[in-house]
$ cat coords29.json   # JSON, C-alpha atoms
[["chain", "number", "residue", "atom", "x", "y", "z"],
["I", 1, "MET", "CA", 2.69, -6.17, -11.76],
["I", 2, "SER", "CA", 2.09, -4.31, -8.51],
["I", 3, "SER", "CA", 1.55, -0.55, -8.58],
["I", 4, "ASN", "CA", 3.82, 1.80, -6.63],
["I", 5, "ALA", "CA", 0.98, 2.35, -4.16],
["I", 6, "GLU", "CA", 0.63, -1.42, -3.61],
["I", 7, "LYS", "CA", 4.38, -1.77, -3.15],
["I", 8, "PHE", "CA", 4.36, 1.06, -0.61],
["I", 9, "THR", "CA", 1.39, -0.39, 1.29],
["I", 10, "GLU", "CA", 3.10, -3.79, 1.43],
["I", 11, "LEU", "CA", 6.30, -2.17, 2.70],
["I", 12, "ILE", "CA", 4.71, -0.25, 5.58],
["I", 13, "SER", "CA", 2.28, -3.00, 6.61],
["I", 14, "GLY", "CA", 5.08, -5.30, 7.74],
["I", 15, "ASP", "CA", 6.85, -5.31, 11.09],
["I", 16, "PHE", "CA", 9.82, -3.06, 11.72],
["I", 17, "PRO", "CA", 12.82, -5.03, 10.38],
["I", 18, "GLU", "CA", 14.75, -6.87, 13.05],
["I", 19, "GLY", "CA", 18.17, -5.30, 13.46],
["I", 20, "ALA", "CA", 17.29, -2.06, 11.65],
["I", 21, "LEU", "CA", 18.60, 1.08, 13.40],
["I", 22, "PRO", "CA", 19.30, -0.84, 16.64],
["I", 23, "ASP", "CA", 20.86, 2.15, 18.42],
["I", 24, "HIS", "CA", 17.79, 4.33, 17.88],
["I", 25, "GLN", "CA", 14.89, 2.14, 19.02],
["I", 26, "VAL", "CA", 14.50, 3.65, 22.50],
["I", 27, "TYR", "CA", 12.88, 6.98, 23.33],
["I", 28, "GLU", "CA", 15.38, 9.04, 25.31],
["I", 29, "HIS", "CA", 13.91, 10.36, 28.54],
["I", 30, "PRO", "CA", 14.98, 10.01, 32.19],
["I", 31, "LEU", "CA", 11.74, 8.19, 33.11],
["I", 32, "VAL", "CA", 11.80, 5.66, 30.25],
["I", 33, "LYS", "CA", 13.97, 3.04, 31.96],
["I", 34, "ARG", "CA", 11.89, 3.17, 35.11],
["I", 35, "TYR", "CA", 8.34, 3.33, 33.76],
["I", 36, "ALA", "CA", 8.06, 2.72, 30.01],
["I", 37, "THR", "CA", 7.54, -0.66, 28.37],
["I", 38, "LYS", "CA", 9.86, -1.63, 25.55],
["I", 39, "GLU", "CA", 6.93, -1.43, 23.11],
["I", 40, "MET", "CA", 5.89, 2.09, 24.11],
["I", 41, "SER", "CA", 9.48, 3.32, 24.14],
["I", 42, "PHE", "CA", 9.85, 2.09, 20.57],
["I", 43, "VAL", "CA", 6.69, 3.90, 19.41],
["I", 44, "TRP", "CA", 8.30, 7.23, 20.39],
["I", 45, "SER", "CA", 11.87, 6.30, 19.43],
["I", 46, "PRO", "CA", 13.98, 8.08, 16.79],
["I", 47, "ALA", "CA", 13.83, 4.92, 14.67],
["I", 48, "MET", "CA", 10.04, 5.05, 14.57],
["I", 49, "LYS", "CA", 9.89, 8.83, 14.17],
["I", 50, "PHE", "CA", 12.29, 9.23, 11.29],
["I", 51, "THR", "CA", 11.26, 6.12, 9.35],
["I", 52, "THR", "CA", 7.72, 7.51, 9.59],
["I", 53, "TRP", "CA", 9.00, 10.78, 8.10],
["I", 54, "ARG", "CA", 10.30, 8.73, 5.20],
["I", 55, "LYS", "CA", 7.03, 6.83, 4.84],
["I", 56, "LEU", "CA", 5.28, 10.19, 4.60],
["I", 57, "TRP", "CA", 7.68, 11.35, 1.90],
["I", 58, "ILE", "CA", 7.20, 8.11, -0.04],
["I", 59, "SER", "CA", 3.42, 8.27, 0.25],
["I", 60, "LEU", "CA", 3.45, 11.90, -0.89],
["I", 61, "ALA", "CA", 5.62, 11.15, -3.92],
["I", 62, "THR", "CA", 3.54, 8.07, -4.76],
["I", 63, "ALA", "CA", 0.31, 10.05, -4.67],
["I", 64, "GLU", "CA", 1.87, 12.92, -6.66],
["I", 65, "GLN", "CA", 2.96, 10.47, -9.36],
["I", 66, "GLU", "CA", -0.56, 9.03, -9.54],
["I", 67, "LEU", "CA", -1.81, 12.57, -10.11],
["I", 68, "GLU", "CA", 0.60, 13.06, -13.03],
["I", 69, "ILE", "CA", 3.47, 14.91, -11.39],
["I", 70, "GLU", "CA", 6.69, 13.92, -13.16],
["I", 71, "ILE", "CA", 8.07, 11.31, -10.77],
["I", 72, "THR", "CA", 9.60, 8.07, -12.04],
["I", 73, "ASP", "CA", 9.12, 4.51, -10.83],
["I", 74, "GLU", "CA", 12.89, 4.35, -10.28],
["I", 75, "GLN", "CA", 12.78, 7.31, -7.89],
["I", 76, "LEU", "CA", 9.97, 5.71, -5.86],
["I", 77, "ALA", "CA", 11.73, 2.33, -5.85],
["I", 78, "GLN", "CA", 14.93, 3.91, -4.52],
["I", 79, "MET", "CA", 12.99, 5.67, -1.75],
["I", 80, "ARG", "CA", 11.30, 2.42, -0.72],
["I", 81, "ASP", "CA", 14.59, 0.50, -0.80],
["I", 82, "LYS", "CA", 16.28, 3.04, 1.49],
["I", 83, "LEU", "CA", 13.43, 3.47, 3.99],
["I", 84, "TYR", "CA", 15.44, 2.03, 6.89],
["I", 85, "ASP", "CA", 18.88, 3.27, 5.79],
["I", 86, "ILE", "CA", 19.25, 6.34, 8.02],
["I", 87, "ASP", "CA", 22.60, 7.90, 8.81],
["I", 88, "PHE", "CA", 21.76, 9.88, 11.94],
["I", 89, "ASP", "CA", 25.23, 11.45, 12.12],
["I", 90, "PHE", "CA", 24.90, 12.76, 8.56],
["I", 91, "ALA", "CA", 21.40, 14.09, 9.33],
["I", 92, "ALA", "CA", 22.76, 15.88, 12.42],
["I", 93, "LYS", "CA", 25.58, 17.38, 10.34],
["I", 94, "LYS", "CA", 23.11, 18.68, 7.76],
["I", 95, "GLU", "CA", 20.80, 19.98, 10.49],
["I", 96, "ARG", "CA", 23.67, 22.08, 11.87],
["I", 97, "GLU", "CA", 24.41, 23.31, 8.36],
["I", 98, "PHE", "CA", 20.82, 24.27, 7.50],
["I", 99, "ARG", "CA", 19.68, 24.90, 11.08],
["I", 100, "HIS", "CA", 16.59, 22.84, 10.31],
["I", 101, "ASP", "CA", 15.87, 19.29, 11.43],
["I", 102, "VAL", "CA", 13.59, 18.40, 8.52],
["I", 103, "MET", "CA", 16.07, 19.63, 5.92],
["I", 104, "GLY", "CA", 18.75, 17.61, 7.69],
["I", 105, "HIS", "CA", 16.75, 14.45, 7.13],
["I", 106, "VAL", "CA", 15.70, 15.41, 3.61],
["I", 107, "HIS", "CA", 19.37, 15.51, 2.70],
["I", 108, "ALA", "CA", 20.12, 12.31, 4.64],
["I", 109, "PHE", "CA", 17.40, 10.56, 2.61],
["I", 110, "GLY", "CA", 18.66, 12.11, -0.63],
["I", 111, "GLU", "CA", 22.20, 10.97, 0.16],
["I", 112, "VAL", "CA", 21.15, 7.30, 0.02],
["I", 113, "ALA", "CA", 18.44, 7.82, -2.62],
["I", 114, "PRO", "CA", 20.11, 10.34, -4.94],
["I", 115, "GLN", "CA", 17.75, 9.79, -7.87],
["I", 116, "ALA", "CA", 14.85, 10.78, -5.64],
["I", 117, "MET", "CA", 16.49, 13.84, -4.06],
["I", 118, "PRO", "CA", 14.73, 16.36, -6.38],
["I", 119, "ILE", "CA", 11.25, 15.09, -5.42],
["I", 120, "ILE", "CA", 11.64, 14.33, -1.69],
["I", 121, "HIS", "CA", 9.35, 16.65, 0.28],
["I", 122, "LEU", "CA", 7.99, 18.11, -2.98],
["I", 123, "GLY", "CA", 5.49, 20.86, -2.15],
["I", 124, "ALA", "CA", 5.47, 20.01, 1.55],
["I", 125, "THR", "CA", 6.22, 21.95, 4.72],
["I", 126, "SER", "CA", 8.04, 20.71, 7.82],
["I", 127, "CYS", "CA", 4.76, 20.07, 9.65],
["I", 128, "TYR", "CA", 3.75, 17.66, 6.89],
["I", 129, "VAL", "CA", 6.23, 15.20, 8.35],
["I", 130, "GLY", "CA", 6.34, 16.57, 11.90],
["I", 131, "ASP", "CA", 2.65, 16.78, 12.74],
["I", 132, "ASN", "CA", 1.51, 13.80, 10.67],
["I", 133, "THR", "CA", 4.17, 11.70, 12.36],
["I", 134, "ASP", "CA", 2.92, 12.84, 15.77],
["I", 135, "ILE", "CA", -0.57, 11.66, 14.81],
["I", 136, "ILE", "CA", 0.71, 8.32, 13.52],
["I", 137, "GLN", "CA", 2.72, 7.77, 16.71],
["I", 138, "ILE", "CA", -0.31, 8.70, 18.84],
["I", 139, "LYS", "CA", -2.38, 6.14, 16.95],
["I", 140, "GLU", "CA", 0.25, 3.42, 17.42],
["I", 141, "ALA", "CA", 0.48, 4.27, 21.12],
["I", 142, "LEU", "CA", -3.31, 4.09, 21.50],
["I", 143, "LEU", "CA", -3.38, 0.71, 19.74],
["I", 144, "LEU", "CA", -0.77, -0.54, 22.20],
["I", 145, "ILE", "CA", -2.75, 0.82, 25.15],
["I", 146, "LYS", "CA", -5.89, -0.82, 23.76],
["I", 147, "ARG", "CA", -4.16, -4.21, 23.69],
["I", 148, "LYS", "CA", -2.92, -3.74, 27.26],
["I", 149, "LEU", "CA", -6.41, -2.73, 28.42],
["I", 150, "VAL", "CA", -7.98, -5.80, 26.82],
["I", 151, "GLN", "CA", -5.39, -8.03, 28.50],
["I", 152, "THR", "CA", -6.01, -6.37, 31.88],
["I", 153, "ILE", "CA", -9.79, -6.71, 31.59],
["I", 154, "ASP", "CA", -9.41, -10.38, 30.65],
["I", 155, "ILE", "CA", -7.25, -11.05, 33.74],
["I", 156, "LEU", "CA", -9.80, -9.28, 35.94],
["I", 157, "LYS", "CA", -12.61, -11.26, 34.32],
["I", 158, "GLN", "CA", -10.92, -14.55, 35.19],
["I", 159, "PHE", "CA", -10.43, -13.34, 38.77],
["I", 160, "ALA", "CA", -14.07, -12.19, 39.03],
["I", 161, "VAL", "CA", -15.43, -15.50, 37.76],
["I", 162, "LYS", "CA", -13.16, -17.48, 40.07],
["I", 163, "HIS", "CA", -14.32, -15.52, 43.13],
["I", 164, "LYS", "CA", -17.91, -14.76, 42.13],
["I", 165, "ASP", "CA", -19.32, -16.67, 45.11],
["I", 166, "LEU", "CA", -16.72, -15.69, 47.71],
["I", 167, "PRO", "CA", -18.49, -13.45, 50.24],
["I", 168, "THR", "CA", -16.83, -10.34, 51.58],
["I", 169, "LEU", "CA", -17.91, -7.31, 53.55],
["I", 170, "GLY", "CA", -19.02, -4.34, 51.48],
["I", 171, "PHE", "CA", -18.40, -0.73, 52.47],
["I", 172, "THR", "CA", -20.04, 2.64, 51.97],
["I", 173, "HIS", "CA", -17.98, 5.72, 52.84],
["I", 174, "TYR", "CA", -15.41, 3.26, 54.18],
["I", 175, "GLN", "CA", -17.92, 2.03, 56.76],
["I", 176, "PRO", "CA", -19.06, -1.62, 57.03],
["I", 177, "ALA", "CA", -22.24, -2.27, 55.03],
["I", 178, "GLN", "CA", -23.99, -5.20, 53.32],
["I", 179, "LEU", "CA", -22.27, -8.33, 52.11],
["I", 180, "THR", "CA", -21.03, -8.55, 48.54],
["I", 181, "THR", "CA", -18.65, -10.95, 46.81],
["I", 182, "VAL", "CA", -15.03, -10.57, 45.80],
["I", 183, "GLY", "CA", -15.99, -11.23, 42.18],
["I", 184, "LYS", "CA", -18.72, -8.58, 42.24],
["I", 185, "ARG", "CA", -16.29, -6.01, 43.64],
["I", 186, "CYS", "CA", -13.85, -6.83, 40.82],
["I", 187, "THR", "CA", -16.53, -6.14, 38.22],
["I", 188, "LEU", "CA", -16.65, -2.53, 39.40],
["I", 189, "TRP", "CA", -13.02, -2.10, 38.39],
["I", 190, "MET", "CA", -13.65, -3.93, 35.13],
["I", 191, "GLN", "CA", -16.56, -1.66, 34.30],
["I", 192, "ASP", "CA", -14.40, 1.45, 34.63],
["I", 193, "LEU", "CA", -11.76, -0.06, 32.36],
["I", 194, "LEU", "CA", -14.39, -1.11, 29.82],
["I", 195, "LEU", "CA", -15.61, 2.49, 29.68],
["I", 196, "ASP", "CA", -11.99, 3.53, 29.11],
["I", 197, "LEU", "CA", -11.62, 0.91, 26.40],
["I", 198, "TYR", "CA", -14.64, 2.34, 24.59],
["I", 199, "LYS", "CA", -13.10, 5.81, 24.71],
["I", 200, "VAL", "CA", -9.73, 4.53, 23.44],
["I", 201, "ASP", "CA", -11.41, 2.66, 20.61],
["I", 202, "GLN", "CA", -13.44, 5.74, 19.68],
["I", 203, "GLU", "CA", -10.36, 7.95, 19.74],
["I", 204, "ILE", "CA", -8.52, 5.57, 17.41],
["I", 205, "LYS", "CA", -11.44, 5.58, 14.97],
["I", 206, "ASP", "CA", -11.87, 9.38, 15.09],
["I", 207, "LEU", "CA", -8.17, 10.31, 14.96],
["I", 208, "PRO", "CA", -7.53, 12.35, 11.80],
["I", 209, "MET", "CA", -4.29, 12.99, 9.98],
["I", 210, "ARG", "CA", -3.18, 16.56, 9.45],
["I", 211, "GLY", "CA", -2.88, 15.62, 5.81],
["I", 212, "VAL", "CA", -1.41, 17.68, 2.98],
["I", 213, "LYS", "CA", -2.05, 21.28, 4.00],
["I", 214, "GLY", "CA", 0.98, 23.36, 3.02],
["I", 215, "THR", "CA", 2.83, 25.91, 5.12],
["I", 216, "THR", "CA", -0.10, 27.72, 6.71],
["I", 217, "GLY", "CA", -2.94, 25.35, 5.91],
["I", 218, "THR", "CA", -3.89, 27.01, 2.59],
["I", 219, "GLN", "CA", -2.36, 24.29, 0.36],
["I", 220, "ALA", "CA", -0.89, 27.12, -1.75],
["I", 221, "SER", "CA", 2.32, 25.22, -2.59],
["I", 222, "PHE", "CA", 0.32, 22.26, -3.85],
["I", 223, "LEU", "CA", -1.99, 24.48, -5.86],
["I", 224, "GLU", "CA", 1.10, 25.87, -7.54],
["I", 225, "LEU", "CA", 2.45, 22.37, -8.10],
["I", 226, "PHE", "CA", -0.81, 21.33, -9.79],
["I", 227, "ASP", "CA", -1.22, 24.57, -11.77],
["I", 228, "GLY", "CA", -4.20, 25.73, -9.74],
["I", 229, "ASP", "CA", -6.16, 22.48, -10.01],
["I", 230, "HIS", "CA", -8.10, 22.37, -6.73],
["I", 231, "GLU", "CA", -9.53, 18.93, -7.43],
["I", 232, "LYS", "CA", -6.08, 17.39, -7.75],
["I", 233, "VAL", "CA", -4.99, 18.99, -4.48],
["I", 234, "LYS", "CA", -8.05, 17.52, -2.77],
["I", 235, "ALA", "CA", -7.31, 14.14, -4.35],
["I", 236, "LEU", "CA", -3.69, 14.34, -3.15],
["I", 237, "ASN", "CA", -4.81, 15.03, 0.41],
["I", 238, "LYS", "CA", -7.23, 12.09, 0.33],
["I", 239, "ARG", "CA", -4.79, 9.69, -1.31],
["I", 240, "VAL", "CA", -1.90, 10.35, 1.09],
["I", 241, "THR", "CA", -4.29, 9.81, 3.99],
["I", 242, "GLU", "CA", -5.42, 6.48, 2.53],
["I", 243, "LEU", "CA", -1.88, 5.28, 1.88],
["I", 244, "LEU", "CA", -0.98, 5.83, 5.54],
["I", 245, "GLY", "CA", -4.01, 3.82, 6.73],
["I", 246, "PHE", "CA", -6.22, 6.68, 7.94],
["I", 247, "GLU", "CA", -9.88, 7.18, 7.12],
["I", 248, "LYS", "CA", -10.10, 10.80, 8.22],
["I", 249, "VAL", "CA", -8.18, 14.00, 7.68],
["I", 250, "ILE", "CA", -8.63, 17.17, 9.70],
["I", 251, "PRO", "CA", -10.78, 19.60, 7.64],
["I", 252, "VAL", "CA", -8.71, 22.73, 8.26],
["I", 253, "SER", "CA", -5.41, 23.58, 9.93],
["I", 254, "GLY", "CA", -2.87, 26.29, 10.32],
["I", 255, "GLN", "CA", 0.71, 25.17, 10.14],
["I", 256, "THR", "CA", -0.07, 22.57, 12.81],
["I", 257, "TYR", "CA", -3.11, 20.43, 13.51],
["I", 258, "THR", "CA", -5.37, 21.72, 16.27],
["I", 259, "ARG", "CA", -4.06, 20.85, 19.72],
["I", 260, "LYS", "CA", -7.61, 19.94, 20.74],
["I", 261, "ILE", "CA", -6.66, 16.53, 19.35],
["I", 262, "ASP", "CA", -3.87, 16.27, 21.92],
["I", 263, "TYR", "CA", -6.31, 17.35, 24.62],
["I", 264, "ASN", "CA", -8.78, 14.63, 23.59],
["I", 265, "VAL", "CA", -6.09, 11.96, 23.71],
["I", 266, "LEU", "CA", -4.78, 13.17, 27.08],
["I", 267, "SER", "CA", -8.34, 13.10, 28.45],
["I", 268, "VAL", "CA", -8.63, 9.43, 27.50],
["I", 269, "LEU", "CA", -5.27, 8.65, 29.11],
["I", 270, "SER", "CA", -6.33, 10.54, 32.23],
["I", 271, "GLY", "CA", -9.47, 8.39, 32.41],
["I", 272, "ILE", "CA", -7.41, 5.20, 32.33],
["I", 273, "ALA", "CA", -5.12, 6.56, 35.06],
["I", 274, "GLN", "CA", -8.14, 7.43, 37.20],
["I", 275, "SER", "CA", -9.53, 3.91, 36.83],
["I", 276, "ALA", "CA", -6.19, 2.37, 37.79],
["I", 277, "TYR", "CA", -5.86, 4.77, 40.74],
["I", 278, "LYS", "CA", -9.37, 3.88, 41.96],
["I", 279, "MET", "CA", -8.73, 0.14, 41.71],
["I", 280, "CYS", "CA", -5.38, 0.34, 43.47],
["I", 281, "GLY", "CA", -6.81, 2.64, 46.14],
["I", 282, "ASP", "CA", -9.61, 0.16, 46.85],
["I", 283, "ILE", "CA", -7.13, -2.69, 47.15],
["I", 284, "ARG", "CA", -4.93, -0.73, 49.56],
["I", 285, "LEU", "CA", -7.89, 0.25, 51.75],
["I", 286, "LEU", "CA", -9.20, -3.34, 51.78],
["I", 287, "SER", "CA", -5.73, -4.60, 52.61],
["I", 288, "ASN", "CA", -5.58, -2.22, 55.56],
["I", 289, "LEU", "CA", -8.81, -3.79, 56.88],
["I", 290, "LYS", "CA", -7.50, -7.30, 56.17],
["I", 291, "GLU", "CA", -10.35, -7.92, 53.70],
["I", 292, "VAL", "CA", -7.74, -8.84, 51.12],
["I", 293, "GLU", "CA", -4.13, -9.84, 51.50]]

$ encode --input "coords29.json" --output "structure tokens"
Amino acid sequence: MSSNAEKFTELISGDFPEGALPDHQVYEHPLVKRYATKEMSFVWSPAMKFTTWRKLWISLATAEQELEIEITDEQLAQMRDKLYDIDFDFAAKKEREFRHDVMGHVHAFGEVAPQAMPIIHLGATSCYVGDNTDIIQIKEALLLIKRKLVQTIDILKQFAVKHKDLPTLGFTHYQPAQLTTVGKRCTLWMQDLLLDLYKVDQEIKDLPMRGVKGTTGTQASFLELFDGDHEKVKALNKRVTELLGFEKVIPVSGQTYTRKIDYNVLSVLSGIAQSAYKMCGDIRLLSNLKEVE
């Protein structure tokens, strides 16, 4: 018989169910329709965000049960069964009542999983779901960008090979210089994107979860939950991280994870934008000189 952890891992490793939360699969922003792909819009959608909150609650409860907190298999099963059953109107109603978005969704989850209501969010703070979800969404977005980069580099490779012997005039400082080939020029753009791909891959590998840190990063609520047992709190932090598919957890935090992580990710994205801008700028300049059409 599968353990609760194995059942949870199987549940979250599958694709998002077709037809689940259909009205909430698009990130709402004025620029989304014009610029965002369907895949990227979904990564940042309410459906993705709030089902990830629930995955975090299930992983927390699963790990707490493993560490001998009194949580039943029936409670965990009900949480897993209702992962995608979100009543957004009810959550909004409860948010207005409690003036707190996380509590709104705690009660929305408890409404459809009443047996589990007493242990949903047990020991956690709002940033447990908020910040960890941000990290998970960032990772999913980077994985999508990585796939798009690989596809782009492959297309450029085919173009470079096809035109490797086609001579064209080279330029320095936008002045005519020695001959090169169209394929060789394309490899310059590929090289920039390959450097970006390395950075994206490294960022994915290095990205840590916030983990189980408590209200101000002291883990005090979890120490109380485990009667002062520091080793169990450490084990909880490690286990939740594993269940969500991460190898690393940030060593220390306040209420939130350090925003240096956001800076690192934005730096990688800026690098990709610079490479694309350089490539497109070259093509426009060459088009102006009729070197390419």

$ residues_around --input "coords29.json" --residues "region 171-182 of chain I" --least-positions-apart "3" --cutoff "10 Å" --atoms "only C-alpha atoms" --output "list in words"
Phe159, Ala160, Val161, Lys162, His163, Lys164, Asp165, Leu166, Pro167, Thr168, Arg185, Cys186, Thr187, Asp282, Leu285, Leu286, Glu291 and Val292 of chain I

$ residues_around --input "coords29.json" --residues "region 239-247 of chain I" --least-positions-apart "3" --cutoff "8 Å" --atoms "all atoms listed in the file" --output "list in words"
Ala5, Phe8, Thr9, Leu56, Ser59, Leu60, Ala63, Pro208, Met209, Gly211, Val212, Ala235 and Leu236 of chain I

$ write_last_selection --input "coords29.json" --atoms "C-alpha atoms" --output "PDB file, in the coordinates of the input"
ATOM      1  CA  ALA I   5       0.980   2.350  -4.160  1.00  0.00           C
ATOM      2  CA  PHE I   8       4.360   1.060  -0.610  1.00  0.00           C
ATOM      3  CA  THR I   9       1.390  -0.390   1.290  1.00  0.00           C
ATOM      4  CA  LEU I  56       5.280  10.190   4.600  1.00  0.00           C
ATOM      5  CA  SER I  59       3.420   8.270   0.250  1.00  0.00           C
ATOM      6  CA  LEU I  60       3.450  11.900  -0.890  1.00  0.00           C
ATOM      7  CA  ALA I  63       0.310  10.050  -4.670  1.00  0.00           C
ATOM      8  CA  PRO I 208      -7.530  12.350  11.800  1.00  0.00           C
ATOM      9  CA  MET I 209      -4.290  12.990   9.980  1.00  0.00           C
ATOM     10  CA  GLY I 211      -2.880  15.620   5.810  1.00  0.00           C
ATOM     11  CA  VAL I 212      -1.410  17.680   2.980  1.00  0.00           C
ATOM     12  CA  ALA I 235      -7.310  14.140  -4.350  1.00  0.00           C
ATOM     13  CA  LEU I 236      -3.690  14.340  -3.150  1.00  0.00           C
TER      14      LEU I 236
END

$ residues_around --input "coords29.json" --residues "region 223-232 of chain I" --least-positions-apart "2" --cutoff "10 Å" --atoms "all atoms listed in the file" --output "NGL selection string"
:I and (64 or 67-69 or 122-123 or 214 or 218-221 or 234-238)

$ residues_near_point --input "coords29.json" --point "(-1.2, 3.3, -7.9)" --cutoff "8 Å" --atoms "all atoms listed in the file" --output "PyMOL selection string"
chain I and resi 3-6+62-63+66

$ closest_residue --input "coords29.json" --among "I:Lys199, I:Ala108, I:Glu293, I:Gly254" --to "Ser270 (chain I)" --atoms "only C-alpha atoms"
I:Lys199

$ atom_distance --input "coords29.json" --atom1 "CA of Ala113 (chain I)" --atom2 "CA of Ile86 (chain I)"
10.8 Å

$ closest_residue --input "coords29.json" --among "I:Ala141, I:Thr125, I:Thr133, I:Leu289" --to "Lys213 (chain I)" --atoms "all atoms listed in the file"
I:Thr125

$ build_atoms --input "coords29.json" --residues "region 104-115 of chain I" --atoms "N, CA, C and O atoms" --output "compact mmCIF listing (two decimals), in the frame of the given file"
# COMPACT_ATOMS: atom_id res chain seq x y z
N GLY I 104 17.67 18.55 7.40
CA GLY I 104 18.75 17.61 7.69
C GLY I 104 18.40 16.21 7.24
O GLY I 104 19.21 15.50 6.63
N HIS I 105 17.17 15.80 7.50
CA HIS I 105 16.75 14.45 7.13
C HIS I 105 16.35 14.33 5.67
O HIS I 105 16.44 13.23 5.10
N VAL I 106 15.91 15.42 5.06
CA VAL I 106 15.70 15.41 3.61
C VAL I 106 17.01 15.08 2.91
O VAL I 106 17.08 14.22 2.02
N HIS I 107 18.07 15.74 3.33
CA HIS I 107 19.37 15.51 2.70
C HIS I 107 19.95 14.14 3.06
O HIS I 107 20.63 13.52 2.22
N ALA I 108 19.66 13.65 4.27
CA ALA I 108 20.12 12.31 4.64
C ALA I 108 19.42 11.26 3.78
O ALA I 108 20.04 10.26 3.37
N PHE I 109 18.14 11.48 3.48
CA PHE I 109 17.40 10.56 2.61
C PHE I 109 17.93 10.67 1.17
O PHE I 109 18.15 9.66 0.49
N GLY I 110 18.15 11.90 0.72
CA GLY I 110 18.66 12.11 -0.63
C GLY I 110 20.06 11.56 -0.82
O GLY I 110 20.44 11.17 -1.94
N GLU I 111 20.84 11.51 0.25
CA GLU I 111 22.20 10.97 0.16
C GLU I 111 22.18 9.50 -0.21
O GLU I 111 23.05 9.03 -0.97
N VAL I 112 21.21 8.74 0.32
CA VAL I 112 21.15 7.30 0.02
C VAL I 112 20.18 6.99 -1.12
O VAL I 112 20.19 5.88 -1.66
N ALA I 113 19.36 7.97 -1.49
CA ALA I 113 18.44 7.82 -2.62
C ALA I 113 18.61 9.01 -3.55
O ALA I 113 17.71 9.84 -3.70
N PRO I 114 19.79 9.12 -4.18
CA PRO I 114 20.11 10.34 -4.94
C PRO I 114 19.19 10.61 -6.12
O PRO I 114 18.93 11.78 -6.44
N GLN I 115 18.68 9.56 -6.76
CA GLN I 115 17.75 9.79 -7.87
C GLN I 115 16.49 10.50 -7.40
O GLN I 115 15.90 11.29 -8.13
